[in-house]
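The structure under discussion appears below in the form of structure tokens.
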Amino acid sequence: MIKLIGVSKRFNKGRGIENIHLQVEKGEWVAIVGHAGAGKSTLLRCIYGLEKPDQGEIMVSKYRLHGLPKRKLPQVRRMLGVVDQDLALLPDRSVFHNVALVGEVLGWPSRKTKQASLHVLNRVGLYAHIDAQTTTLSYGERRRLAIARALVAQPFALIADEPFGHLDLGTARGIVELLSSIHEQGSTLLIATHRPELLEDLPVRIVKIKQGRQVE
Amino acid sequence: MRRFWFYVREGIGAFARSGIMGMLTVFAFFILGTTTILLLAAEETLDQAQERLLALFELEAYLQPGAEQQADSLAEVLRRRGGVEEVKVVGKERAAELFAEEYGEELFDLLGENPLPASLRIRYNPTKISRGTLDQEALEIGKLDGIEEVVFEGDLLARLESVIQAVRNKLFFIAGIIAAVSLLLTLQAVRVSARAVERWVRAVTIIGGSAWQVQAPFLVAGTISGVLGGGLGIGLILILQQVFQGSGGIVPAPDYFRALLALLAMGMIGFFAALIAAPRGVELKRVA
């Protein structure tokens with residue numbers, strides 16, 4: 001479960017979020033919807049601990065982020081599979097090694113790292129590209145790779161910031177299908193997007209924010 | 001062990017990805033390594049110059065009139081003093097010969113009867129004395145029975161030593177400035193290198209890498225820069241020392257042990273520069 005109670009974060013330029021209340025239950029798919037600059041990314045970054053809220057409480061599973069020692073933040077991030085807006089893929093490594101980085105960071109044996117990486121790459125449809133450099137992938141494939149990396153450690157929730165950003169309609173629908181299949185397998189999804197029309201007819205709870213405030 | 005190799009591999013990767021800034025770091029260490037070894041070599045050259053200078057000077061103890069018979073026993077007493085390398089007895093006749101050689105026999109003939117006193121010339125081991133010791137020795141030897149007066153070119157020696165000391169001070173000052181500039185350059189270069197691998201930092205942070213896992217590769221990269229740059233600089237100076245060792249005796253022989261210590265120091269400076277430039281807890285906000 002992810003729970004936000006009255007979370008606010010302000011920046012000098014005036015952007016940020018104001019008094020956000022949100023609860024994401026296990027197995028639920030929630031989409032934070034709003035225009036660019038509405039505060040969607042700030043909200044997600046607060047959840048995975050890259051921004052510290054000025055006010056409010058955030059709970060991620062058993063962890064209460066306010067007052068959590070900095071050294072424990074990685075444990076929270078390990079419970080969440082994060083797809084950053086800019087994807088943060090390593091351009092000088094292959095598709096496989098981008099995903100295997102997770103196992104290396106978590107100290108897994110190389111066999112487990114290999115098995116888990118190949119499994120998740122197969123799941124997102126990139127098995128045929130395991131040796132390709134990320135720079136040779138299409139935008140849609142890069143999104144899939146970032147999702148694969150987020151899923152490899154079997155997090156309890158997947159958090160994705162603009163997973164359809166800059167994608168043409170066909171490719172974006174492919175990502176929607178992928179997220180949908182991940183959700184169907186029981187995963188909790190929390191995404192931020194400015195393209196809610198892609199989520200129509202799906203079991204997604206929409207939370208709208210405008211200029212940092214929750215409107216619905 | 002798996003983690004260790006992860007840090008080493010990612011550190012090498014971080015160094016390789018840092019591109020031009022990584023090269024700048026190596027260059028900074030090259031300058032630092034070169035400066036360190038040059039300073040050590042120059043220090044050694046100055047030490048040698050000081051020793052040679054001291055070796056040129058000897059005390060001359062003139063015997064009292066009628067004390068020539070004591071010359072050998074006094075010489076024996078002096079040989080037992082610490083730091084004394086050689087004591088020569090110069091009798092009245094030998095003193096006359098030396099005077100005649102230096103100023104001509106005509107002048108000596110004008111003096112009539114030989115007025116020159118016998119003397120003892122005392123030479124010291126230059127590694128065991130200083131100018132201060134020579135002053136003290138002159139004072140103490142002058143108090144021995146049978147010794148009339150002790151002379152040595154103390155003022156000239158003092159002037160020459162002050163010149164050497166002035167060169168030494170300037171050398172330290174210049175080396176200090178170069179070392180400080182190199183360190184600042186290194187700090188900045190490591191800091192900017194961290195920006196160059198921002199994407200890696202972002203990736204490791206969001207997948208749940210600890211602060212140490214994010215920082216450790218920078219420490220490895222800093223150490224690599226230090227050892228590589230320092231090694232190049234130190235190696236260059238060692239080769240030059242080897243090549244020019246015989247020319248005039250002013251270039252000291254390569255000191256491989258000191259070079260190894262300097263190389264280790266460069267590696268440690270690289271490590272600590274990275275520790276300062278990419279402190280624990282380096283996160284996206286710091287590099288974004």
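Residues are referred to by chain and number: the chain letter is A, B, ... according to the order shown in the structure tokens, the number counts from 1 in that chain, and ligands are numbered separately from 1 in the order shown.
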Practice task
Tell me which protein, DNA and RNA residues are within 6 Å of stretch 270-277 of chain B, counting only C-alpha atoms, leaving out same-chain ones fewer than 2 positions away, and put them as a list in words.
Solution key: Leu187, Val190, Arg191, Leu219, Gly222, Thr223, Gly226, Gly267, Met268 and Pro279 of chain B
The selected residues should be written to file as an mmCIF file, in the first residue's frame (atoms: N, CA and C atoms).
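This went into selection_35.cif:
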```cif
data_model
loop_
_atom_site.group_PDB
_atom_site.id
_atom_site.type_symbol
_atom_site.label_atom_id
_atom_site.label_comp_id
_atom_site.auth_asym_id
_atom_site.auth_seq_id
_atom_site.Cartn_x
_atom_site.Cartn_y
_atom_site.Cartn_z
ATOM 1 N N LEU B 187 40.071 18.211 -7.369
ATOM 2 C CA LEU B 187 38.758 18.229 -6.719
ATOM 3 C C LEU B 187 37.680 18.608 -7.716
ATOM 4 N N VAL B 190 37.130 15.890 -10.393
ATOM 5 C CA VAL B 190 36.365 14.739 -9.891
ATOM 6 C C VAL B 190 34.896 15.127 -9.749
ATOM 7 N N ARG B 191 34.667 16.357 -9.264
ATOM 8 C CA ARG B 191 33.289 16.826 -9.095
ATOM 9 C C ARG B 191 32.564 16.860 -10.441
ATOM 10 N N LEU B 219 35.126 6.719 -5.864
ATOM 11 C CA LEU B 219 36.368 6.591 -5.095
ATOM 12 C C LEU B 219 37.380 5.757 -5.886
ATOM 13 N N GLY B 222 38.604 7.935 -8.698
ATOM 14 C CA GLY B 222 39.556 8.937 -8.190
ATOM 15 C C GLY B 222 40.914 8.306 -7.940
ATOM 16 N N THR B 223 40.895 7.089 -7.362
ATOM 17 C CA THR B 223 42.157 6.398 -7.095
ATOM 18 C C THR B 223 42.860 6.045 -8.406
ATOM 19 N N GLY B 226 44.460 9.109 -9.760
ATOM 20 C CA GLY B 226 45.664 9.450 -9.001
ATOM 21 C C GLY B 226 46.843 8.580 -9.387
ATOM 22 N N GLY B 267 47.550 8.001 -5.278
ATOM 23 C CA GLY B 267 46.334 7.190 -5.246
ATOM 24 C C GLY B 267 45.443 7.583 -4.082
ATOM 25 N N MET B 268 46.063 7.829 -2.931
ATOM 26 C CA MET B 268 45.283 8.211 -1.749
ATOM 27 C C MET B 268 44.670 9.601 -1.920
ATOM 28 N N PRO B 279 30.627 13.248 -2.148
ATOM 29 C CA PRO B 279 30.431 12.737 -0.801
ATOM 30 C C PRO B 279 29.326 11.711 -0.733
#
```
Practice task
Please provide as a list in words all residues within 8 Å of stretch 63-71 of chain B, with the sequence filter that same-chain residues fewer than 6 positions apart are discarded (counting only C-alpha atoms).
Solution key: Val89, Gly91, Pro117, Ala118, Ser119, Leu120, Gly146, Ile147, Glu148 and Glu149 of chain B
Selection export as an mmCIF file, in the first residue's frame, atoms kept: C-alpha atoms:
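Result file again36.cif:
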```cif
data_model
loop_
_atom_site.group_PDB
_atom_site.id
_atom_site.type_symbol
_atom_site.label_atom_id
_atom_site.label_comp_id
_atom_site.auth_asym_id
_atom_site.auth_seq_id
_atom_site.Cartn_x
_atom_site.Cartn_y
_atom_site.Cartn_z
ATOM 1 C CA VAL B 89 99.744 17.632 11.118
ATOM 2 C CA GLY B 91 104.795 21.231 10.794
ATOM 3 C CA PRO B 117 103.333 28.107 13.503
ATOM 4 C CA ALA B 118 102.723 24.399 13.176
ATOM 5 C CA SER B 119 99.085 23.546 12.806
ATOM 6 C CA LEU B 120 96.529 20.742 12.682
ATOM 7 C CA GLY B 146 98.772 23.642 23.147
ATOM 8 C CA ILE B 147 96.274 25.228 20.776
ATOM 9 C CA GLU B 148 96.797 28.928 20.130
ATOM 10 C CA GLU B 149 93.909 29.678 17.767
#
```
Exercise for the section: Tell me, as an MDAnalysis selection string, which residues lie within 8 Å of stretch 154-170 of chain A, counting only C-alpha atoms; anything in the same chain fewer than 6 positions away does not count. Expected result: chainID A and resid 26 40:41 44 78:85 139:140 143 147 176 187:195
List every residue of chain B that has an atom at most 6 Å from any atom of chain A, giving for each one its closest atom pair and the distance in Å to one decimal, counting only C-alpha atoms, sorted by chain and then by ascending residue number, as CSV.
```
residue,atom,partner,partner_atom,distance
B:Arg199,CA,A:Ala88,CA,5.5
B:Ala203,CA,A:Ala88,CA,5.2
B:Gly208,CA,A:Pro74,CA,4.3
B:Gly209,CA,A:Pro74,CA,5.9
B:Ser210,CA,A:Pro74,CA,5.5
```
Mind dumping the selected residues with C-alpha atoms as a CSV table (one decimal), in the first residue's frame?
```csv
chain,number,residue,atom,x,y,z
B,199,ARG,CA,22.8,8.9,-15.9
B,203,ALA,CA,20.0,4.6,-12.6
B,208,GLY,CA,17.7,1.1,-4.9
B,209,GLY,CA,21.5,1.4,-4.8
B,210,SER,CA,22.8,2.5,-1.4
```
Nearby residues (only C-alpha atoms) at most 6 Å from stretch 3-12 of chain B, same-chain spacing under 6 positions excluded, as an mmCIF file with C-alpha atoms, in the first residue's frame:
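Saved as around.cif:
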```cif
data_model
loop_
_atom_site.group_PDB
_atom_site.id
_atom_site.type_symbol
_atom_site.label_atom_id
_atom_site.label_comp_id
_atom_site.auth_asym_id
_atom_site.auth_seq_id
_atom_site.Cartn_x
_atom_site.Cartn_y
_atom_site.Cartn_z
ATOM 1 C CA PRO B 217 32.842 3.764 -7.955
ATOM 2 C CA PHE B 218 33.814 7.448 -7.754
ATOM 3 C CA VAL B 220 37.758 3.852 -7.343
ATOM 4 C CA ALA B 221 37.770 6.278 -10.303
#
```
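Of the residues listed (B:Phe99, B:Tyr124, B:Phe172, B:Tyr62), B:Tyr62 shows the shortest atom-to-atom separation from B:Gly142; distances use only C-alpha atoms.
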Practice task
Could you check how far atom CA of B:Val87 sits from atom CA of B:Thr45, in Å to one decimal?
Solution key: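 These atoms are spaced 28.2 Å apart.
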Problem - DSSP helix (DSSP H, G or I) residues within stretch 70-265 of chain B, listed as a ChimeraX atom specification - result: /B:70-79,92-103,105-110,126-128,131-142,154-196,198-206,211-244,256-265
Selection to disk with C-alpha atoms, as a tab-separated table (two decimals), in the first residue's frame:
```
chain	number	residue	atom	x	y	z
B	70	GLN	CA	102.48	17.83	21.24
B	71	ALA	CA	101.25	17.88	17.65
B	72	ASP	CA	100.93	14.10	17.23
B	73	SER	CA	99.24	13.56	20.58
B	74	LEU	CA	96.84	16.44	19.94
B	75	ALA	CA	96.06	14.99	16.50
B	76	GLU	CA	95.23	11.66	18.16
B	77	VAL	CA	92.90	13.40	20.63
B	78	LEU	CA	91.16	15.21	17.77
B	79	ARG	CA	90.73	12.04	15.67
B	92	LYS	CA	106.61	24.58	10.65
B	93	GLU	CA	108.66	23.47	7.61
B	94	ARG	CA	105.61	22.23	5.72
B	95	ALA	CA	103.79	25.46	6.58
B	96	ALA	CA	106.74	27.39	5.11
B	97	GLU	CA	106.63	25.29	1.94
B	98	LEU	CA	102.91	25.87	1.54
B	99	PHE	CA	103.36	29.61	2.13
B	100	ALA	CA	106.14	29.75	-0.47
B	101	GLU	CA	104.01	27.83	-2.98
B	102	GLU	CA	101.13	30.22	-2.51
B	103	TYR	CA	102.90	33.58	-2.21
B	105	GLU	CA	109.74	32.27	-2.19
B	106	GLU	CA	110.82	35.92	-2.45
B	107	LEU	CA	108.14	37.02	-0.05
B	108	PHE	CA	108.99	34.17	2.30
B	109	ASP	CA	112.69	35.10	2.20
B	110	LEU	CA	111.76	38.63	3.29
B	126	PRO	CA	80.07	16.31	5.91
B	127	THR	CA	77.13	14.02	6.68
B	128	LYS	CA	77.80	14.28	10.42
B	131	ARG	CA	77.91	24.87	10.23
B	132	GLY	CA	76.74	25.23	13.82
B	133	THR	CA	78.75	22.13	14.79
B	134	LEU	CA	81.85	23.61	13.17
B	135	ASP	CA	81.47	26.83	15.21
B	136	GLN	CA	81.14	24.76	18.40
B	137	GLU	CA	84.08	22.53	17.43
B	138	ALA	CA	86.27	25.59	16.79
B	139	LEU	CA	85.39	26.94	20.21
B	140	GLU	CA	86.08	23.66	22.04
B	141	ILE	CA	89.30	22.81	20.19
B	142	GLY	CA	90.57	26.35	20.85
B	154	GLY	CA	82.76	30.46	8.90
B	155	ASP	CA	81.38	33.66	7.35
B	156	LEU	CA	81.81	32.43	3.79
B	157	LEU	CA	80.22	29.12	4.72
B	158	ALA	CA	77.32	30.94	6.37
B	159	ARG	CA	76.76	33.05	3.26
B	160	LEU	CA	76.81	30.04	0.95
B	161	GLU	CA	74.47	28.13	3.23
B	162	SER	CA	72.02	31.02	3.37
B	163	VAL	CA	71.93	31.01	-0.46
B	164	ILE	CA	71.12	27.28	-0.44
B	165	GLN	CA	68.44	27.84	2.22
B	166	ALA	CA	66.88	30.66	0.17
B	167	VAL	CA	66.73	28.39	-2.90
B	168	ARG	CA	65.20	25.64	-0.74
B	169	ASN	CA	62.53	28.01	0.64
B	170	LYS	CA	61.59	29.26	-2.82
B	171	LEU	CA	61.43	25.70	-4.05
B	172	PHE	CA	59.04	24.75	-1.24
B	173	PHE	CA	56.93	27.82	-1.91
B	174	ILE	CA	56.64	27.12	-5.65
B	175	ALA	CA	56.02	23.41	-5.09
B	176	GLY	CA	53.38	24.26	-2.48
B	177	ILE	CA	51.53	26.53	-4.92
B	178	ILE	CA	51.68	23.94	-7.72
B	179	ALA	CA	50.52	21.19	-5.35
B	180	ALA	CA	47.62	23.35	-4.09
B	181	VAL	CA	46.54	24.25	-7.63
B	182	SER	CA	46.77	20.60	-8.67
B	183	LEU	CA	44.66	19.53	-5.71
B	184	LEU	CA	41.99	22.13	-6.45
B	185	LEU	CA	42.01	21.11	-10.09
B	186	THR	CA	41.67	17.49	-9.04
B	187	LEU	CA	38.76	18.23	-6.72
B	188	GLN	CA	36.96	20.16	-9.41
B	189	ALA	CA	37.71	17.57	-12.05
B	190	VAL	CA	36.37	14.74	-9.89
B	191	ARG	CA	33.29	16.83	-9.10
B	192	VAL	CA	32.62	17.47	-12.77
B	193	SER	CA	33.37	13.82	-13.57
B	194	ALA	CA	30.47	12.95	-11.26
B	195	ARG	CA	28.24	15.08	-13.47
B	196	ALA	CA	29.55	13.25	-16.51
B	198	GLU	CA	24.89	11.49	-13.98
B	199	ARG	CA	22.84	8.92	-15.86
B	200	TRP	CA	24.62	6.10	-14.05
B	201	VAL	CA	24.03	7.81	-10.68
B	202	ARG	CA	20.35	8.25	-11.58
B	203	ALA	CA	20.01	4.62	-12.64
B	204	VAL	CA	21.68	3.16	-9.55
B	205	THR	CA	19.73	5.48	-7.25
B	206	ILE	CA	16.29	4.62	-8.60
B	211	ALA	CA	24.66	5.80	-0.92
B	212	TRP	CA	27.85	3.76	-0.64
B	213	GLN	CA	27.10	1.90	-3.88
B	214	VAL	CA	26.67	5.20	-5.66
B	215	GLN	CA	29.79	6.71	-4.14
B	216	ALA	CA	32.23	3.78	-4.18
B	217	PRO	CA	32.84	3.76	-7.96
B	218	PHE	CA	33.81	7.45	-7.75
B	219	LEU	CA	36.37	6.59	-5.09
B	220	VAL	CA	37.76	3.85	-7.34
B	221	ALA	CA	37.77	6.28	-10.30
B	222	GLY	CA	39.56	8.94	-8.19
B	223	THR	CA	42.16	6.40	-7.10
B	224	ILE	CA	42.67	5.27	-10.69
B	225	SER	CA	43.13	8.90	-11.78
B	226	GLY	CA	45.66	9.45	-9.00
B	227	VAL	CA	47.69	6.33	-9.74
B	228	LEU	CA	47.53	6.82	-13.52
B	229	GLY	CA	48.34	10.54	-13.57
B	230	GLY	CA	50.84	10.31	-10.72
B	231	GLY	CA	52.42	7.23	-12.34
B	232	LEU	CA	52.87	9.05	-15.64
B	233	GLY	CA	54.46	12.07	-13.95
B	234	ILE	CA	56.65	10.07	-11.62
B	235	GLY	CA	57.65	7.68	-14.42
B	236	LEU	CA	58.64	10.57	-16.65
B	237	ILE	CA	60.86	12.09	-13.97
B	238	LEU	CA	62.45	8.71	-13.16
B	239	ILE	CA	63.28	8.20	-16.82
B	240	LEU	CA	64.76	11.71	-17.07
B	241	GLN	CA	66.79	11.09	-13.92
B	242	GLN	CA	68.06	7.84	-15.37
B	243	VAL	CA	69.01	9.54	-18.64
B	244	PHE	CA	70.67	12.61	-17.14
B	256	TYR	CA	62.38	3.94	-6.67
B	257	PHE	CA	61.23	3.50	-3.08
B	258	ARG	CA	60.34	7.19	-2.75
B	259	ALA	CA	58.69	7.03	-6.18
B	260	LEU	CA	56.54	4.12	-5.01
B	261	LEU	CA	55.56	6.03	-1.87
B	262	ALA	CA	54.72	9.08	-3.99
B	263	LEU	CA	52.58	6.90	-6.27
B	264	LEU	CA	50.68	5.49	-3.29
B	265	ALA	CA	50.22	9.04	-2.03
```
